[in-house]
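Chemist: So that we are looking at the same thing, I have put the structure below in structure tokens.
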Amino acid sequence: MAQVQLEHISKVFGEGADATTAVDDVSLTIDDHEFMILLGPSGCGKSTLLRMVAGLEDPTSGDLLIDGLRVNDVEPKLRDVAMVFQSYALYPHKTVQRNIEFPLKVRGVSKAERAKEAERAAEVLGLTDYLRRKPGQLSGGQRQRVALARAIVRRPAVFLMDEPLSNLDAKLRGDTRAELVDLHRRLNSTFIYVTHDQVEAMTMGTRVAVINKGRIEQVGSPQEVYDAPASTFVAQFIGTPPMNLLPPGMIGASDVQIGVRPEHLRVDPSGTITGSVRQLEHLGHEVLLLAEGDGGLHLTARIAPHDQVPGVGDVVRFTADERFLHRFDAATGVRLP
Amino acid sequence: MRADVPHGLRRVGRYSLLALVSAVVLFPIWAVLMQAFKSGPDALNHPESLLPTNLTLDTVRAAWTEGELGRALFNSVVVAVVVTICVMLVSLLSAFAFSFLQFPGKGVVFVAFVATMLVPAEVTVVVNRRTVESWGWLNSYQGLIIPSLASTFGMLLLRQMFLQLPKELREAASLDGVGNMRFLWEVAAPLSRPTLGALGLFTFLGTWNAYLWPSQIIKDRDHRTIQIALEGLSGAQINRFNLVTGGLVIASLPIFAMLVVFQRQLVRGLTAGAVKG
């Protein structure tokens with residue numbers, strides 16, 4: 001149970017001309033019991049941010065507080081945080097049981113107590129049948145659960161997860177997403193979860209912090225971030241396919257860039273946006289229509305599969321309801337009121 | 001073209017080559033065994049005969065008693081076991097420091113260590129002998145053992161192994177509250193067992209076969225290692241020139257037994273890292 005506060009945190013790697021700013025003046029408060037997602041493309045600084053909370057990296061400047069206490073100079077082991085790594089970081093020579101018990105052994109917990117706790121954690125994650133096996137004899141999903149069991153066994157205040165699902169196949173990833181949400185509900189702890197996968201962000205987080213080039217672009221609930229993206233970056237990063245951005249001046253003033261989600265773009269003979277169909281992607285439940293127009297215009301529209309679908313090469317007119325248009329500053333990309 | 005050669009013929013060629021190489025490797029061993037199991041006069045009269053006729057254990061027995069090989073074997077075992085254990089320990093600790101710890105001058109110290117590998121042992125033997133003599137360690141176990149305790153090769157070998165361990169293992173351990181020594185003993189060392197085993201075996205063999213250093217500092221019979229004792233046998237009378245081969249058989253037995261027992265360990269150590277595990 002803990003609140004995590006980042007206050008003007010920056011991290012610079014290297015010195016002088018080689019210096020790279022990985023995290024740039026980030027302030028963020030993660031509330032107790034929250035499932036916070038740090039979302040961004042690779043290299044945006046989200047993992048560095050997580051590693052600073054864990055104590056594996058020191059911030060170059062700024063303050064890091066856990067439950068109101070400044071922990072910048074506190075050793076990782078004393079921060080009461082547990083981390084699940086992308087590679088799981090299991091001890092390959094120890095059995096599942098020994099892996100799960102290890103954090104307790106280090107803390108001097110008695111053997112009987114350790115075994116009891118490990119069995120309890122294994123039960124929560126459905127690992128009871130695998131306690132005697134070694135990590136090498138387990139599947140990716142099982143290893144992942146062992147890493148989670150090792151994290152929950154010491155009941156930390158904060159769970160940190162660094163892309164824990166990225167080594168799993170699509171089906172298993174879907175199942176494990178649901179398990180993690182369930183685990184968060186049962187443990188009632190604070191989760192901080194790093195991912196570049198917007199589906200994970202949308203489905204698991206209570207809030208999402210979208211990060212780009214070391215800075216937070218937007219923080220909000222998944223729906224808020226989707227419905228009202230704070231910048232063109234967020235607009236294009238969240239949503240598959242991404243939001244269409246029309247060239248500035250195509251609709252409205254020349255210093256305003258209009259964005260519209262593919263599901264809000266309608267084929268309409270009286271529409272004002274014109275493009276020729278370049279490709280059709282039939283997905284069964286919908287058709288994605290990809291069109292190109294003048295001035296570098298690229299559009300994607302979602303159409304119901306049983307409506308009349310234009311053919312490739314047809315020139316089509318599109319329209320969208322005024323209430324679904326997003327307005328951004330053409331120069332800065334920031335959302336306009 | 002390669003593909004034109006029939007498969008069976010290629011196999012015959014390959015095995016013939018392997019048989020030839022094996023013969024070249026095994027010939028000296030066979031020759032020593034045949035000489036060792038001849039009587040002295042037989043060896044003198046028919047030195048060229050390498051066929052197993054008129055075999056006898058007389059020469060081996062004579063080598064054992066006259067060379068006092070029992071005592072020499074004991075000394076060699078003591079020295080080799082202590083050196084092996086200590087080299088493994090020192091290499092583990094130094095490799096850990098160079099792989100996982102950050103300290104001022106780490107790069108310079110590391111280069112200095114590696115640079116010592118460029119200097120052949122023969123260059124330093126005289127100076128080392130003087131140093132050991134000045135400490136009064138001639139004719140002693142500590143004189144045989146202590147100068148061999150640190151191994152740059154061992155440090156390098158294990159450091160390479162440690163650097164291959166995923167960084168996340170150390171990080172996960174540090175979040176779990178694991179200190180350096182605990183990480184070394186509970187994680188890094190067990191994961192390096194094949195490499196550590198190979199290092200132990202090489203160190204044991206090297207110490208067992210060492211001649212130059214023991215020959216410089218051991219003059220009395222009580223501290224002679226097996227290789228020095230064998231040298232004593234080589235000066236036997238002309239009609240028993242095969243006495244030294246009898247000694248060689250005895251000196252090789254412990255090594256042979258060790259190789260049989262640890263063969264898998266040795267091969268695993270040599271090929272560690274060659275194939276992704």
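Letters for chains follow the order of the structure tokens (A, B, ...), residue numbers begin at 1 for each chain, and ligand numbers begin at 1 in the order shown.
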Tell me which protein, DNA and RNA residues are within 12 Å of A:Arg186, counting only C-alpha atoms, leaving out same-chain ones fewer than 4 positions away, and put them as an NGL selection string.

Modeler: :A and (33 or 124-125 or 152 or 179-182 or 190)

Chemist: Could you please take those selected residues and save N, CA and C atoms as a compact mmCIF listing (two decimals), in the first residue's frame?

Modeler:
```txt
# COMPACT_ATOMS: atom_id res chain seq x y z
N HIS A 33 -3.01 1.92 -4.47
CA HIS A 33 -3.90 0.93 -5.14
C HIS A 33 -4.05 1.17 -6.63
N VAL A 124 -1.90 -18.89 -5.68
CA VAL A 124 -2.53 -17.71 -6.27
C VAL A 124 -2.29 -17.70 -7.78
N LEU A 125 -1.10 -18.13 -8.21
CA LEU A 125 -0.75 -18.04 -9.62
C LEU A 125 -0.84 -19.39 -10.35
N ILE A 152 5.18 -11.32 -5.48
CA ILE A 152 4.10 -11.15 -4.51
C ILE A 152 4.42 -11.80 -3.16
N GLU A 179 -5.31 -11.98 -16.09
CA GLU A 179 -4.83 -12.47 -14.79
C GLU A 179 -4.19 -11.35 -13.97
N LEU A 180 -3.47 -10.48 -14.67
CA LEU A 180 -2.79 -9.38 -13.96
C LEU A 180 -3.82 -8.40 -13.36
N VAL A 181 -4.85 -8.13 -14.14
CA VAL A 181 -5.90 -7.23 -13.63
C VAL A 181 -6.54 -7.85 -12.39
N ASP A 182 -6.77 -9.16 -12.48
CA ASP A 182 -7.36 -9.88 -11.37
C ASP A 182 -6.43 -9.85 -10.15
N THR A 190 -0.23 -1.10 -5.18
CA THR A 190 0.05 -0.15 -6.24
C THR A 190 0.86 -0.85 -7.33
```

Chemist: Could you list, as a list in words, every residue within 6 Å of stretch 322-328 of chain A, counting only C-alpha atoms and ignoring same-chain residues fewer than 5 positions away?

Modeler: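 So the residues in contact are Val256, Gln257, Ile258, Gly259, Val260, Gly333, Val334, Arg335 and Leu336 of chain A.
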
Chemist: Would you put the residues from that selection into a file with all heavy atoms, as a PDB file, in the first residue's frame?

Modeler:
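Wrote it out as again-v2.pdb, contents follow:
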```
ATOM      1  N   VAL A 256      -4.383  25.346 -37.708  1.00  0.00           N
ATOM      2  CA  VAL A 256      -5.063  24.295 -36.935  1.00  0.00           C
ATOM      3  C   VAL A 256      -4.996  22.984 -37.718  1.00  0.00           C
ATOM      4  O   VAL A 256      -5.253  22.957 -38.922  1.00  0.00           O
ATOM      5  CB  VAL A 256      -6.538  24.675 -36.679  1.00  0.00           C
ATOM      6  CG1 VAL A 256      -7.275  23.516 -36.005  1.00  0.00           C
ATOM      7  CG2 VAL A 256      -6.631  25.920 -35.808  1.00  0.00           C
ATOM      8  N   GLN A 257      -4.613  21.912 -36.987  1.00  0.00           N
ATOM      9  CA  GLN A 257      -4.607  20.594 -37.623  1.00  0.00           C
ATOM     10  C   GLN A 257      -5.789  19.796 -37.068  1.00  0.00           C
ATOM     11  O   GLN A 257      -5.987  19.729 -35.854  1.00  0.00           O
ATOM     12  CB  GLN A 257      -3.301  19.860 -37.334  1.00  0.00           C
ATOM     13  CG  GLN A 257      -3.196  18.551 -38.081  1.00  0.00           C
ATOM     14  CD  GLN A 257      -1.760  18.063 -38.175  1.00  0.00           C
ATOM     15  OE1 GLN A 257      -0.957  18.318 -37.282  1.00  0.00           O
ATOM     16  NE2 GLN A 257      -1.435  17.381 -39.260  1.00  0.00           N
ATOM     17  N   ILE A 258      -6.547  19.220 -37.959  1.00  0.00           N
ATOM     18  CA  ILE A 258      -7.740  18.484 -37.545  1.00  0.00           C
ATOM     19  C   ILE A 258      -7.420  16.990 -37.520  1.00  0.00           C
ATOM     20  O   ILE A 258      -6.771  16.456 -38.418  1.00  0.00           O
ATOM     21  CB  ILE A 258      -8.897  18.745 -38.537  1.00  0.00           C
ATOM     22  CG1 ILE A 258      -9.287  20.221 -38.546  1.00  0.00           C
ATOM     23  CG2 ILE A 258     -10.103  17.863 -38.221  1.00  0.00           C
ATOM     24  CD1 ILE A 258      -9.919  20.711 -37.259  1.00  0.00           C
ATOM     25  N   GLY A 259      -7.881  16.339 -36.465  1.00  0.00           N
ATOM     26  CA  GLY A 259      -7.730  14.891 -36.375  1.00  0.00           C
ATOM     27  C   GLY A 259      -9.091  14.229 -36.288  1.00  0.00           C
ATOM     28  O   GLY A 259     -10.017  14.798 -35.697  1.00  0.00           O
ATOM     29  N   VAL A 260      -9.187  13.039 -36.869  1.00  0.00           N
ATOM     30  CA  VAL A 260     -10.459  12.311 -36.758  1.00  0.00           C
ATOM     31  C   VAL A 260     -10.162  10.804 -36.710  1.00  0.00           C
ATOM     32  O   VAL A 260      -9.343  10.295 -37.474  1.00  0.00           O
ATOM     33  CB  VAL A 260     -11.422  12.702 -37.911  1.00  0.00           C
ATOM     34  CG1 VAL A 260     -10.788  12.506 -39.268  1.00  0.00           C
ATOM     35  CG2 VAL A 260     -12.732  11.944 -37.831  1.00  0.00           C
ATOM     36  N   GLY A 333       1.447  20.888 -32.123  1.00  0.00           N
ATOM     37  CA  GLY A 333       0.780  19.597 -31.984  1.00  0.00           C
ATOM     38  C   GLY A 333      -0.061  19.498 -30.727  1.00  0.00           C
ATOM     39  O   GLY A 333      -0.650  18.455 -30.452  1.00  0.00           O
ATOM     40  N   VAL A 334      -0.154  20.580 -29.950  1.00  0.00           N
ATOM     41  CA  VAL A 334      -0.905  20.533 -28.692  1.00  0.00           C
ATOM     42  C   VAL A 334      -2.396  20.710 -28.976  1.00  0.00           C
ATOM     43  O   VAL A 334      -2.787  21.476 -29.862  1.00  0.00           O
ATOM     44  CB  VAL A 334      -0.405  21.649 -27.741  1.00  0.00           C
ATOM     45  CG1 VAL A 334      -1.262  21.731 -26.480  1.00  0.00           C
ATOM     46  CG2 VAL A 334       1.049  21.381 -27.380  1.00  0.00           C
ATOM     47  N   ARG A 335      -3.200  19.993 -28.204  1.00  0.00           N
ATOM     48  CA  ARG A 335      -4.649  20.047 -28.390  1.00  0.00           C
ATOM     49  C   ARG A 335      -5.177  21.454 -28.098  1.00  0.00           C
ATOM     50  O   ARG A 335      -4.774  22.094 -27.138  1.00  0.00           O
ATOM     51  CB  ARG A 335      -5.295  19.044 -27.435  1.00  0.00           C
ATOM     52  CG  ARG A 335      -6.793  18.928 -27.607  1.00  0.00           C
ATOM     53  CD  ARG A 335      -7.374  17.929 -26.602  1.00  0.00           C
ATOM     54  NE  ARG A 335      -8.770  17.684 -26.928  1.00  0.00           N
ATOM     55  CZ  ARG A 335      -9.180  16.799 -27.809  1.00  0.00           C
ATOM     56  NH1 ARG A 335      -8.292  16.057 -28.440  1.00  0.00           N
ATOM     57  NH2 ARG A 335     -10.456  16.630 -28.062  1.00  0.00           N
ATOM     58  N   LEU A 336      -6.110  21.876 -28.948  1.00  0.00           N
ATOM     59  CA  LEU A 336      -6.721  23.189 -28.738  1.00  0.00           C
ATOM     60  C   LEU A 336      -8.084  22.999 -28.077  1.00  0.00           C
ATOM     61  O   LEU A 336      -8.763  21.991 -28.330  1.00  0.00           O
ATOM     62  CB  LEU A 336      -6.891  23.905 -30.082  1.00  0.00           C
ATOM     63  CG  LEU A 336      -5.580  24.215 -30.822  1.00  0.00           C
ATOM     64  CD1 LEU A 336      -5.867  24.731 -32.224  1.00  0.00           C
ATOM     65  CD2 LEU A 336      -4.752  25.233 -30.046  1.00  0.00           C
TER      66      LEU A 336
END
```

Chemist: Counting only C-alpha atoms, which residues from chain A have an atom at most 12 Å from any atom of chain B, and could you show them as a PyMOL selection string?

Modeler: chain A and resi 51+53-57+74-94+98-108+136+147+150-156+158-162

Chemist: Using only C-alpha atoms, which of the listed residues (B:Leu163, B:Met34, B:Gly247, B:Gly70) sits closest to B:Asn54?

Modeler: B:Met34

Chemist: Please provide the set of residues having any atom within 12 Å of B:Val82, restricted to only C-alpha atoms, with same-chain residues fewer than 6 positions apart removed, written as a list in words.

Modeler: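 Surrounding residues, per the criterion: Asn75, Ser76, Met88, Leu89, Tyr141, Gln142, Leu144, Ile145, Ile146, Ser148, Leu149, Gly200, Thr203, Phe204, Thr207 and Trp208 of chain B.
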
Chemist: Any chance you could list, as a PyMOL selection string, the residues in stretch 77-171 of chain A that come up helix (DSSP H, G or I) when DSSP is run on the backbone?

Modeler: chain A and resi 77-78+96-106+111-124+128-130+135-137+140-152+170-171

Chemist: Extract, using only C-alpha atoms, all DNA, RNA and protein residues at most 12 Å from A:Gly313, discarding same-chain residues fewer than 3 positions from it, and format them as a ChimeraX atom specification.

Modeler: /A:275-280,289-293,310,316

Chemist: May I have the residues from that selection written out with C-alpha atoms, as a short mmCIF file (atom, residue, chain, number, x, y, z; two decimals), in the first residue's frame?

Modeler:
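So the final result, stored in again-v4.cif, reads:
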```
data_model
loop_
_atom_site.label_atom_id
_atom_site.label_comp_id
_atom_site.auth_asym_id
_atom_site.auth_seq_id
_atom_site.Cartn_x
_atom_site.Cartn_y
_atom_site.Cartn_z
CA GLY A 275 -9.36 10.63 -51.53
CA SER A 276 -8.85 7.67 -53.82
CA VAL A 277 -9.00 4.18 -52.35
CA ARG A 278 -5.55 2.59 -52.25
CA GLN A 279 -6.24 -0.56 -50.27
CA LEU A 280 -9.02 -2.45 -48.51
CA LEU A 289 -10.37 1.54 -46.11
CA LEU A 290 -7.04 3.20 -46.82
CA ALA A 291 -7.22 6.25 -49.09
CA GLU A 292 -4.81 8.89 -50.38
CA GLY A 293 -5.57 12.47 -51.35
CA PRO A 310 -15.97 1.12 -52.68
CA VAL A 316 -14.44 8.64 -52.46
#
```

Chemist: Which one of B:Leu201, B:Ser49, B:His223, B:Ala36 sits closest to B:Arg264 if you count only C-alpha atoms?

Modeler: B:Leu201

Chemist: Give me, as a list of chain:residue names, all polymer residues having an atom no more than 8 Å from B:Gln227, counting only C-alpha atoms and skipping those fewer than 3 positions away in the same chain.

Modeler: B:Trp208, B:Asn209, B:Ala210, B:Tyr211, B:Arg224, B:Leu230, B:Glu231, B:Ala251

Chemist: Generate a file of the selected residues that holds N, CA, C and O atoms, formatted as a compact mmCIF listing (two decimals), in the first residue's frame.

Modeler:
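Written output follows (out-v5.txt):
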```
# COMPACT_ATOMS: atom_id res chain seq x y z
N TRP B 208 49.92 -30.53 -10.96
CA TRP B 208 50.44 -31.91 -10.92
C TRP B 208 51.66 -32.06 -11.84
O TRP B 208 52.65 -32.69 -11.48
N ASN B 209 51.56 -31.45 -13.01
CA ASN B 209 52.63 -31.61 -13.99
C ASN B 209 53.75 -30.58 -13.85
O ASN B 209 54.71 -30.62 -14.58
N ALA B 210 53.58 -29.62 -12.90
CA ALA B 210 54.58 -28.55 -12.78
C ALA B 210 55.95 -29.13 -12.46
O ALA B 210 56.09 -30.00 -11.61
N TYR B 211 56.95 -28.64 -13.18
CA TYR B 211 58.30 -29.12 -12.94
C TYR B 211 59.25 -27.98 -12.58
O TYR B 211 60.00 -28.05 -11.61
N ARG B 224 59.60 -33.45 -2.04
CA ARG B 224 59.61 -33.64 -3.49
C ARG B 224 58.21 -33.93 -4.01
O ARG B 224 57.49 -34.74 -3.45
N LEU B 230 60.37 -38.19 -10.26
CA LEU B 230 60.58 -38.87 -11.54
C LEU B 230 61.94 -38.49 -12.11
O LEU B 230 62.65 -39.33 -12.69
N GLU B 231 62.28 -37.22 -11.95
CA GLU B 231 63.58 -36.79 -12.45
C GLU B 231 64.70 -37.60 -11.78
O GLU B 231 65.67 -37.99 -12.42
N ALA B 251 52.78 -42.09 -11.79
CA ALA B 251 52.45 -40.67 -11.72
C ALA B 251 51.19 -40.36 -12.53
O ALA B 251 50.47 -39.41 -12.21
```
